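So this one's run_17.cif, mmCIF, C-alpha atoms:
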data_structure
loop_
_atom_site.label_atom_id
_atom_site.label_comp_id
_atom_site.auth_asym_id
_atom_site.auth_seq_id
_atom_site.Cartn_x
_atom_site.Cartn_y
_atom_site.Cartn_z
CA MET A 1 -3.89 -38.82 20.06
CA THR A 2 -1.54 -40.84 17.90
CA LYS A 3 0.01 -38.36 15.48
CA VAL A 4 1.66 -39.05 12.14
CA LYS A 5 4.25 -36.71 10.59
CA LEU A 6 3.55 -35.83 6.96
CA GLY A 7 6.71 -33.77 6.48
CA PRO A 8 6.75 -30.11 5.43
CA GLY A 9 3.78 -29.31 3.21
CA THR A 10 0.89 -27.03 2.43
CA PHE A 11 -2.12 -28.72 3.96
CA VAL A 12 -4.61 -26.43 5.67
CA CYS A 13 -8.39 -26.38 5.52
CA PRO A 14 -10.69 -24.86 4.49
CA LYS A 15 -9.17 -23.24 1.42
CA PRO A 16 -11.17 -20.61 -0.48
CA VAL A 17 -11.81 -20.58 -4.23
CA PHE A 18 -11.14 -17.21 -5.83
CA LEU A 19 -11.24 -16.26 -9.49
CA VAL A 20 -8.42 -13.74 -9.70
CA GLY A 21 -8.70 -11.34 -12.61
CA ALA A 22 -6.27 -9.12 -14.48
CA ASN A 23 -5.95 -7.54 -17.87
CA VAL A 24 -3.09 -9.19 -19.72
CA ASP A 25 -2.02 -7.27 -22.81
CA ASP A 26 -5.30 -5.35 -22.41
CA LYS A 27 -7.41 -8.52 -22.44
CA PRO A 28 -9.24 -9.82 -19.34
CA ASN A 29 -8.08 -13.14 -17.93
CA PHE A 30 -8.95 -15.10 -14.81
CA ILE A 31 -7.17 -17.77 -12.80
CA THR A 32 -8.49 -19.98 -10.02
CA VAL A 33 -6.64 -19.42 -6.75
CA ALA A 34 -7.17 -21.37 -3.52
CA TRP A 35 -4.22 -19.93 -1.66
CA GLY A 36 -5.13 -16.58 -0.23
CA GLY A 37 -7.14 -14.70 2.34
CA ILE A 38 -7.48 -11.49 4.26
CA ALA A 39 -4.20 -9.80 5.21
CA CYS A 40 -5.16 -6.60 7.05
CA GLU A 41 -8.25 -4.83 8.35
CA SER A 42 -7.18 -1.19 8.14
CA PRO A 43 -6.44 -0.51 5.37
CA PRO A 44 -8.33 -3.55 4.05
CA MET A 45 -5.95 -5.90 2.27
CA VAL A 46 -5.97 -9.39 0.85
CA SER A 47 -3.20 -11.79 -0.13
CA ILE A 48 -3.00 -14.35 -2.91
CA ALA A 49 -0.25 -16.81 -3.78
CA ILE A 50 0.43 -17.25 -7.47
CA ARG A 51 3.06 -19.07 -9.51
CA HIS A 52 5.53 -16.77 -11.25
CA SER A 53 4.77 -18.26 -14.67
CA ARG A 54 1.02 -17.62 -14.62
CA HIS A 55 -0.49 -15.56 -17.42
CA THR A 56 -2.64 -13.60 -14.97
CA PHE A 57 0.45 -12.66 -12.97
CA LYS A 58 1.89 -11.11 -16.12
CA GLY A 59 -1.17 -8.86 -16.29
CA ILE A 60 -0.99 -7.93 -12.62
CA LYS A 61 2.62 -6.85 -13.14
CA GLN A 62 1.59 -4.83 -16.22
CA THR A 63 -1.29 -2.99 -14.57
CA GLY A 64 -0.62 -3.07 -10.83
CA ASN A 65 -4.23 -4.10 -10.28
CA PHE A 66 -6.22 -7.30 -9.89
CA SER A 67 -9.63 -8.50 -8.81
CA ILE A 68 -10.87 -11.28 -6.57
CA ASN A 69 -14.17 -12.75 -7.67
CA ILE A 70 -15.99 -15.18 -5.41
CA PRO A 71 -17.90 -17.74 -7.46
CA SER A 72 -21.17 -19.33 -6.47
CA GLU A 73 -21.72 -23.05 -6.91
CA ASP A 74 -23.73 -22.22 -10.05
CA ILE A 75 -20.44 -21.64 -11.87
CA VAL A 76 -18.29 -24.35 -10.32
CA VAL A 77 -17.57 -25.80 -13.78
CA GLU A 78 -16.32 -22.45 -15.08
CA THR A 79 -14.31 -21.94 -11.89
CA ASP A 80 -12.59 -25.29 -12.23
CA TYR A 81 -11.91 -24.66 -15.91
CA CYS A 82 -10.08 -21.40 -15.15
CA GLY A 83 -7.67 -23.43 -13.00
CA ILE A 84 -6.79 -26.07 -15.59
CA VAL A 85 -6.14 -24.04 -18.76
CA SER A 86 -3.87 -21.08 -19.48
CA GLY A 87 -5.04 -17.71 -20.76
CA ALA A 88 -1.87 -17.67 -22.85
CA LYS A 89 -3.49 -20.36 -25.00
CA VAL A 90 -7.26 -19.91 -24.77
CA ASP A 91 -9.76 -17.11 -24.22
CA LYS A 92 -11.22 -18.16 -20.88
CA VAL A 93 -13.75 -15.33 -20.85
CA ALA A 94 -15.22 -16.55 -24.14
CA ALA A 95 -15.16 -20.21 -23.17
CA CYS A 96 -16.87 -19.46 -19.85
CA ARG A 97 -19.21 -16.83 -21.33
CA PHE A 98 -18.28 -14.48 -18.50
CA ASP A 99 -19.71 -10.96 -18.58
CA VAL A 100 -16.80 -8.73 -17.59
CA PHE A 101 -17.20 -5.35 -15.90
CA TYR A 102 -14.85 -2.74 -14.46
CA GLY A 103 -15.13 -0.49 -11.43
CA GLU A 104 -12.89 2.16 -9.85
CA LEU A 105 -9.72 0.59 -11.19
CA ILE A 106 -9.99 0.79 -14.92
CA ASN A 107 -8.00 -2.35 -15.60
CA ALA A 108 -9.11 -4.83 -12.93
CA PRO A 109 -11.68 -6.97 -14.75
CA MET A 110 -14.50 -8.50 -12.71
CA ILE A 111 -17.00 -11.26 -13.44
CA ASP A 112 -20.65 -10.29 -13.33
CA GLN A 113 -21.68 -13.93 -12.71
CA CYS A 114 -19.69 -13.96 -9.43
CA PRO A 115 -21.84 -12.59 -6.59
CA VAL A 116 -18.89 -10.91 -4.83
CA ASN A 117 -16.10 -8.92 -6.51
CA LEU A 118 -13.16 -7.14 -4.89
CA GLU A 119 -11.09 -4.57 -6.75
CA CYS A 120 -7.51 -4.63 -5.50
CA LYS A 121 -4.49 -2.43 -6.00
CA LEU A 122 -1.22 -4.34 -5.73
CA VAL A 123 0.86 -2.95 -2.85
CA HIS A 124 3.42 -5.70 -2.14
CA THR A 125 4.92 -8.56 -4.13
CA ILE A 126 6.95 -11.02 -2.08
CA ASP A 127 8.90 -13.68 -3.90
CA LEU A 128 8.73 -16.75 -1.68
CA GLY A 129 10.00 -19.46 -4.04
CA SER A 130 7.68 -21.33 -6.38
CA HIS A 131 5.04 -18.67 -5.69
CA ALA A 132 4.87 -14.93 -5.22
CA LEU A 133 2.62 -13.62 -2.48
CA LEU A 134 0.70 -10.64 -3.79
CA ILE A 135 -0.83 -8.24 -1.30
CA GLY A 136 -3.58 -6.01 -2.60
CA ARG A 137 -5.42 -3.12 -1.01
CA VAL A 138 -9.16 -3.54 -1.46
CA GLU A 139 -10.45 -0.41 -3.19
CA GLU A 140 -14.07 -1.50 -3.55
CA ILE A 141 -16.31 -4.49 -2.94
CA HIS A 142 -19.24 -5.19 -5.26
CA VAL A 143 -21.97 -7.61 -4.21
CA ASN A 144 -25.11 -8.75 -5.97
CA GLU A 145 -28.00 -6.86 -4.43
CA SER A 146 -29.88 -10.16 -4.29
CA CYS A 147 -27.16 -11.63 -2.04
CA LEU A 148 -27.50 -9.11 0.79
CA THR A 149 -29.43 -9.50 4.04
CA ASN A 150 -29.77 -6.33 6.09
CA GLY A 151 -27.19 -4.75 3.83
CA ARG A 152 -24.53 -7.38 4.51
CA PRO A 153 -23.32 -10.28 2.36
CA ASP A 154 -25.28 -13.46 3.12
CA VAL A 155 -23.49 -16.75 2.41
CA THR A 156 -26.78 -18.61 2.11
CA LYS A 157 -27.52 -16.42 -0.91
CA ILE A 158 -23.96 -16.16 -2.28
CA LYS A 159 -23.57 -19.98 -2.24
CA PRO A 160 -19.76 -19.90 -2.18
CA PHE A 161 -17.77 -23.09 -1.95
CA ILE A 162 -14.64 -24.54 -0.42
CA TYR A 163 -11.68 -26.15 -2.10
CA SER A 164 -11.14 -29.25 -0.08
CA ALA A 165 -7.88 -31.03 -0.80
CA GLY A 166 -6.26 -34.03 0.82
CA SER A 167 -7.48 -37.60 0.39
CA SER A 168 -9.80 -36.25 -2.33
CA ASN A 169 -9.69 -32.99 -4.30
CA GLN A 170 -13.16 -31.56 -4.45
CA TYR A 171 -15.34 -28.52 -4.08
CA GLN A 172 -17.76 -28.57 -1.20
CA ALA A 173 -20.64 -26.32 -0.19
CA PHE A 174 -20.86 -24.59 3.15
CA GLY A 175 -22.56 -26.97 5.57
CA ASP A 176 -24.43 -27.06 8.85
CA PHE A 177 -24.34 -24.34 11.46
CA ILE A 178 -22.03 -25.39 14.30
CA ALA A 179 -21.89 -22.41 16.67
CA ASP A 180 -22.15 -18.64 16.91
CA ALA A 181 -18.81 -16.86 16.61
CA PHE A 182 -17.74 -14.60 19.50
CA LYS A 183 -20.47 -16.20 21.67
CA ALA A 184 -20.01 -19.96 21.93
CA GLY A 185 -16.74 -19.64 23.83
CA LYS A 186 -18.12 -17.50 26.64
CA VAL A 187 -19.14 -20.59 28.61
CA LEU A 188 -15.44 -21.35 29.19
CA LYS A 189 -15.00 -18.15 31.16
CA ASN A 190 -16.29 -20.30 34.04
CA ASN A 191 -13.12 -22.40 33.75
CA GLU A 192 -10.81 -19.43 34.28
CA LYS A 193 -8.74 -19.56 37.42
CA PRO A 194 -8.87 -16.43 39.63
CA MET B 1 -26.75 -8.61 -12.05
CA THR B 2 -27.57 -5.55 -10.02
CA LYS B 3 -24.46 -4.87 -7.95
CA VAL B 4 -24.17 -2.85 -4.76
CA LYS B 5 -20.91 -1.22 -3.63
CA LEU B 6 -19.98 -1.96 -0.02
CA GLY B 7 -16.89 0.26 0.00
CA PRO B 8 -13.39 -0.99 0.79
CA GLY B 9 -13.48 -3.87 3.26
CA THR B 10 -12.35 -7.35 4.15
CA PHE B 11 -15.16 -9.63 3.04
CA VAL B 12 -14.11 -12.90 1.45
CA CYS B 13 -15.44 -16.41 1.97
CA PRO B 14 -14.75 -19.03 3.10
CA LYS B 15 -12.40 -18.04 5.89
CA PRO B 16 -10.49 -20.71 7.81
CA VAL B 17 -10.32 -21.06 11.57
CA PHE B 18 -6.81 -21.60 12.88
CA LEU B 19 -5.60 -21.79 16.44
CA VAL B 20 -2.21 -20.10 16.20
CA GLY B 21 0.19 -21.04 18.98
CA ALA B 22 3.32 -19.49 20.42
CA ASN B 23 5.24 -19.57 23.65
CA VAL B 24 4.93 -16.18 25.31
CA ASP B 25 7.41 -15.68 28.13
CA ASP B 26 7.96 -19.48 27.94
CA LYS B 27 4.26 -20.24 28.40
CA PRO B 28 2.08 -21.66 25.59
CA ASN B 29 -0.71 -19.44 24.31
CA PHE B 30 -3.16 -19.75 21.43
CA ILE B 31 -5.19 -17.24 19.44
CA THR B 32 -7.99 -17.83 16.96
CA VAL B 33 -7.12 -16.54 13.50
CA ALA B 34 -9.44 -16.53 10.47
CA TRP B 35 -7.22 -14.46 8.23
CA GLY B 36 -4.59 -16.62 6.65
CA GLY B 37 -3.84 -19.39 4.21
CA ILE B 38 -1.18 -21.01 2.12
CA ALA B 39 1.48 -18.66 0.73
CA CYS B 40 3.90 -20.86 -1.22
CA GLU B 41 4.30 -24.46 -2.31
CA SER B 42 8.09 -24.80 -2.49
CA PRO B 43 9.25 -24.18 0.15
CA PRO B 44 5.89 -24.72 1.85
CA MET B 45 4.76 -21.52 3.54
CA VAL B 46 1.65 -20.14 5.21
CA SER B 47 0.54 -16.63 6.06
CA ILE B 48 -1.49 -15.31 8.98
CA ALA B 49 -2.67 -11.78 9.73
CA ILE B 50 -2.47 -10.75 13.36
CA ARG B 51 -2.99 -7.51 15.24
CA HIS B 52 0.21 -5.96 16.57
CA SER B 53 -1.10 -5.87 20.14
CA ARG B 54 -1.89 -9.59 20.41
CA HIS B 55 -0.24 -11.55 23.22
CA THR B 56 0.54 -14.45 20.86
CA PHE B 57 2.34 -12.07 18.51
CA LYS B 58 4.63 -11.09 21.39
CA GLY B 59 5.59 -14.75 21.70
CA ILE B 60 6.17 -15.18 17.98
CA LYS B 61 8.53 -12.20 18.08
CA GLN B 62 10.32 -13.69 21.08
CA THR B 63 10.83 -17.16 19.61
CA GLY B 64 10.61 -16.76 15.83
CA ASN B 65 8.29 -19.75 15.71
CA PHE B 66 4.57 -20.44 15.74
CA SER B 67 2.11 -23.21 15.09
CA ILE B 68 -1.15 -23.48 13.18
CA ASN B 69 -3.59 -25.92 14.71
CA ILE B 70 -6.73 -26.87 12.80
CA PRO B 71 -9.57 -27.55 15.21
CA SER B 72 -12.34 -30.06 14.66
CA GLU B 73 -15.94 -29.17 15.39
CA ASP B 74 -15.59 -31.12 18.66
CA ILE B 75 -13.67 -28.16 20.10
CA VAL B 76 -15.56 -25.27 18.52
CA VAL B 77 -16.30 -23.83 21.99
CA GLU B 78 -12.62 -23.82 22.93
CA THR B 79 -11.72 -22.36 19.54
CA ASP B 80 -14.18 -19.51 19.93
CA TYR B 81 -12.97 -18.88 23.47
CA CYS B 82 -9.36 -18.43 22.31
CA GLY B 83 -10.59 -15.59 20.09
CA ILE B 84 -12.45 -13.63 22.76
CA VAL B 85 -10.02 -13.57 25.68
CA SER B 86 -6.38 -12.52 25.97
CA GLY B 87 -3.56 -14.75 27.10
CA ALA B 88 -2.17 -11.70 28.88
CA LYS B 89 -5.04 -12.07 31.37
CA VAL B 90 -6.00 -15.73 31.47
CA ASP B 91 -4.37 -19.12 30.98
CA LYS B 92 -6.20 -20.30 27.87
CA VAL B 93 -4.51 -23.71 27.92
CA ALA B 94 -5.84 -24.38 31.40
CA ALA B 95 -9.32 -23.03 30.69
CA CYS B 96 -9.57 -25.14 27.51
CA ARG B 97 -7.83 -28.17 29.04
CA PHE B 98 -5.59 -28.36 25.98
CA ASP B 99 -2.85 -30.99 25.97
CA VAL B 100 0.18 -29.19 24.53
CA PHE B 101 2.98 -30.93 22.68
CA TYR B 102 6.12 -29.81 20.82
CA GLY B 103 7.81 -31.10 17.69
CA GLU B 104 10.90 -30.12 15.72
CA LEU B 105 10.73 -26.51 16.83
CA ILE B 106 11.21 -26.60 20.57
CA ASN B 107 9.07 -23.54 21.26
CA ALA B 108 6.11 -23.82 18.87
CA PRO B 109 3.37 -25.28 21.09
CA MET B 110 0.73 -27.46 19.45
CA ILE B 111 -2.66 -28.71 20.61
CA ASP B 112 -3.08 -32.46 20.79
CA GLN B 113 -6.89 -32.12 20.52
CA CYS B 114 -6.54 -30.48 17.08
CA PRO B 115 -6.33 -33.17 14.39
CA VAL B 116 -3.88 -31.18 12.24
CA ASN B 117 -0.87 -29.20 13.48
CA LEU B 118 1.69 -27.25 11.46
CA GLU B 119 5.02 -26.16 12.93
CA CYS B 120 6.14 -22.91 11.34
CA LYS B 121 9.34 -20.89 11.37
CA LEU B 122 8.73 -17.17 10.91
CA VAL B 123 10.47 -15.97 7.75
CA HIS B 124 8.78 -12.62 6.99
CA THR B 125 6.88 -10.04 9.02
CA ILE B 126 5.14 -7.38 6.94
CA ASP B 127 3.55 -4.46 8.74
CA LEU B 128 0.42 -3.64 6.75
CA GLY B 129 -1.38 -1.29 9.16
CA SER B 130 -3.73 -2.60 11.83
CA HIS B 131 -2.29 -6.06 11.22
CA ALA B 132 1.06 -7.65 10.52
CA LEU B 133 1.19 -10.40 7.95
CA LEU B 134 3.39 -13.20 9.22
CA ILE B 135 4.80 -15.67 6.75
CA GLY B 136 6.00 -18.95 8.15
CA ARG B 137 7.84 -21.82 6.57
CA VAL B 138 6.15 -25.11 7.42
CA GLU B 139 8.75 -27.35 9.05
CA GLU B 140 6.45 -30.27 9.84
CA ILE B 141 2.80 -31.28 9.67
CA HIS B 142 1.33 -33.57 12.30
CA VAL B 143 -2.01 -35.29 11.68
CA ASN B 144 -4.01 -37.64 13.83
CA GLU B 145 -3.46 -41.14 12.46
CA SER B 146 -7.23 -41.67 12.73
CA CYS B 147 -7.81 -38.74 10.31
CA LEU B 148 -5.89 -40.21 7.39
CA THR B 149 -7.27 -42.06 4.38
CA ASN B 150 -4.67 -43.70 2.16
CA GLY B 151 -2.03 -41.71 4.04
CA ARG B 152 -3.58 -38.32 3.29
CA PRO B 153 -5.62 -35.98 5.50
CA ASP B 154 -9.35 -36.69 5.15
CA VAL B 155 -11.67 -33.77 5.90
CA THR B 156 -14.57 -36.11 6.65
CA LYS B 157 -12.51 -37.39 9.57
CA ILE B 158 -10.84 -34.11 10.57
CA LYS B 159 -14.22 -32.33 10.75
CA PRO B 160 -12.77 -28.83 10.28
CA PHE B 161 -15.03 -25.82 10.09
CA ILE B 162 -15.40 -22.49 8.35
CA TYR B 163 -15.65 -19.04 9.85
CA SER B 164 -18.55 -17.52 7.99
CA ALA B 165 -18.93 -13.78 8.50
CA GLY B 166 -21.29 -11.28 6.93
CA SER B 167 -24.98 -11.06 7.73
CA SER B 168 -24.30 -13.53 10.55
CA ASN B 169 -21.06 -14.51 12.28
CA GLN B 170 -20.96 -18.24 12.69
CA TYR B 171 -18.98 -21.41 12.33
CA GLN B 172 -20.20 -23.84 9.72
CA ALA B 173 -19.26 -27.40 8.85
CA PHE B 174 -18.07 -28.46 5.43
CA GLY B 175 -21.13 -29.31 3.35
CA ASP B 176 -22.21 -31.25 0.30
CA PHE B 177 -19.91 -32.34 -2.49
CA ILE B 178 -20.33 -30.01 -5.47
CA ALA B 179 -17.76 -31.12 -8.03
CA ASP B 180 -14.38 -32.79 -8.50
CA ALA B 181 -11.49 -30.33 -8.67
CA PHE B 182 -9.29 -30.38 -11.79
CA LYS B 183 -11.97 -32.46 -13.56
CA ALA B 184 -15.31 -30.66 -13.61
CA GLY B 185 -14.03 -27.88 -15.85
CA LYS B 186 -12.82 -30.14 -18.65
CA VAL B 187 -16.24 -30.07 -20.29
CA LEU B 188 -15.66 -26.42 -21.17
CA LYS B 189 -12.74 -27.31 -23.39
CA ASN B 190 -15.48 -27.92 -25.98
CA ASN B 191 -16.24 -24.17 -25.86
CA GLU B 192 -12.72 -23.18 -26.82
CA LYS B 193 -12.39 -21.44 -30.14
CA PRO B 194 -9.76 -22.84 -32.54
#
Could you show the structure in this file as structure tokens?
Amino acid sequence: MTKVKLGPGTFVCPKPVFLVGANVDDKPNFITVAWGGIACESPPMVSIAIRHSRHTFKGIKQTGNFSINIPSEDIVVETDYCGIVSGAKVDKVAACRFDVFYGELINAPMIDQCPVNLECKLVHTIDLGSHALLIGRVEEIHVNESCLTNGRPDVTKIKPFIYSAGSSNQYQAFGDFIADAFKAGKVLKNNEKP
Amino acid sequence: MTKVKLGPGTFVCPKPVFLVGANVDDKPNFITVAWGGIACESPPMVSIAIRHSRHTFKGIKQTGNFSINIPSEDIVVETDYCGIVSGAKVDKVAACRFDVFYGELINAPMIDQCPVNLECKLVHTIDLGSHALLIGRVEEIHVNESCLTNGRPDVTKIKPFIYSAGSSNQYQAFGDFIADAFKAGKVLKNNEKP
């Protein structure tokens, strides 16, 4: 294929859309974060990248705790809003009419309207430059009962979405089934040389 | 909403699907990784979580370099295969008929059949337990010329896919447009209290 060099940059896809929560000066705040993912299986950990100046980061440093809330497409407007305004200036919870709840960690606020909520205890903060990478141990996962199938989270019921950046910056739904994971590749075992 | 506790765990969505490459004992190898994402904007960095025992990890430790290759749905079978067999036992490049190329980093192998390729220099290795979190500085991004629109990567041409785990483990395409990022939320500015 003819390849073009774009220079050093941050393009990968898909990117998730998390609403990261923290109490800042004892008040719940949420920021939209597309840079993050799972970091470890045992113990379960997640990572998120966040700019040093962010109001939510101030709260995470104050409390040592944060939450990851996975929005459904029903609240895509609220999710986008939390990424374009600062909690230092406006009350995002009020503007979005979020119902906030708490779990094991008494100061990691979670959003009832998000079908999946992870409570996380901050275990590492790595200053990488413009952003800090925060690594949190997942203390509990809360899921809407209505979003489970056979006791497991079902993306067709959660209706999460992707942040898709590049030639256009948009949120996209999950699309068509392509293949079964851990199965589709077995056919290539026939190609293995003895 | 009625919430159910799942206990500590690693569920988030969406998860990406990367083919992470490294030269192991001078031979290119690739592993499928769904746990990772962007870690910093400036300098541009990515993170991937990888089990200590993985053959590819051995190569990353040997060379200090790795690649992230973003597969299109055209090679979903090959992508799945690289996640279910070990490069210590089989030649994945041969079985998948990958065309391997190199860029700035002389020992970070990349897959020509993947429309997007990131060359990464390892800058941090954080042992978190079952997995190490590897942070790499992106030295160059290569994109198929045919996958650009106005000089930027276009996901409708790249045809990347999601790893969707939970009640079923499958790969899914990107789906319908939901909203414009950094725009849709502006309507909620009307809700802000003075």
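Residues with any atom within 10 Å of Ile178 of chain A, counting all atoms listed in the file and excluding same-chain neighbours fewer than 6 positions away, are A:Ala184, B:Glu73, B:Asp74, B:Val76, B:Val77, B:Phe161, B:Ile162, B:Gln170, B:Tyr171, B:Gln172, B:Ala173.
For the choices B:Cys40, B:Asn117, B:Val20, B:Tyr163, the atom-to-atom distance to His52 of chain A is smallest for B:Cys40 when using all atoms listed in the file.
Shortest separation to chain B among A:Phe11, A:Tyr81, A:Phe101, A:Phe30 occurs at residue A:Tyr81, atoms counted being all atoms listed in the file.
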Applied to this file, what does the PyMOL selection byres ((chain A and resi 192) around 10) return in terms of residues, put as a list in words? Leu188, Lys189, Asn190, Asn191, Lys193 and Pro194 of chain A; Lys89, Val90, Asp91, Lys92, Val93, Ala94, Ala95 and Cys96 of chain B
What's the 9 Å shell around Ile48 of chain B, counting all atoms listed in the file, without same-chain residues fewer than 6 positions away, as a VMD selection string? (chain A and resid 37 to 39) or (chain B and resid 20 33 to 38 132 to 136)
Applied to this file, what does the PyMOL selection byres ((chain A and resi 144-147) around 12) return in terms of residues, put as a ChimeraX atom specification? /A:69-72,111-117,141-143,148-160 /B:1-6,166-167
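Put simply, atom CA of Arg51 of chain B is 16.9 Å away from atom CA of Lys15 of chain B.
Put simply, atom CA of Ile75 of chain A is 16.2 Å away from atom CA of Pro14 of chain B.
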Mind checking which residues fall within 9 Å of Ile60 of chain A, counting only C-alpha atoms, ignoring those fewer than 5 positions away in the same chain, and posting them as a PyMOL selection string? chain A and resi 21-24+65-66+108+122
Those residues with C-alpha atoms, as a JSON list (two decimals), in the coordinates of the input please?
[["chain", "number", "residue", "atom", "x", "y", "z"],
["A", 21, "GLY", "CA", -8.70, -11.34, -12.61],
["A", 22, "ALA", "CA", -6.27, -9.12, -14.48],
["A", 23, "ASN", "CA", -5.95, -7.54, -17.87],
["A", 24, "VAL", "CA", -3.09, -9.19, -19.72],
["A", 65, "ASN", "CA", -4.23, -4.10, -10.28],
["A", 66, "PHE", "CA", -6.22, -7.30, -9.89],
["A", 108, "ALA", "CA", -9.11, -4.83, -12.93],
["A", 122, "LEU", "CA", -1.22, -4.34, -5.73]]
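The nearest approach to chain A among the residues B:Val100, B:Ala88, B:Ile106, B:Met45, with only C-alpha atoms taken into account, belongs to B:Met45.
Closest to chain A among B:Lys58, B:Pro109, B:Ser42, B:Asn29 is B:Ser42, based on only C-alpha atoms.
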Would you compute the distance between atom CA of Glu139 of chain B and atom CA of Pro43 of chain B? Give it in Å to one decimal. 9.5 Å
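Closest approach to chain A among B:Ile68, B:Ala181, B:Met110, B:Cys120 is made by B:Ala181 (distances from all atoms listed in the file).
Closest approach to Pro16 of chain B among B:Gln62, B:Arg97, B:Gly185, B:Ser47: B:Ser47, based on all atoms listed in the file.
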Centre and size of axis-aligned box enclosing segment 34-44 of chain A plus 8 Å each side, as JSON:
{"center_x": -6.3, "center_y": -10.9, "center_z": 2.4, "size_x": 20.1, "size_y": 36.9, "size_z": 27.9}
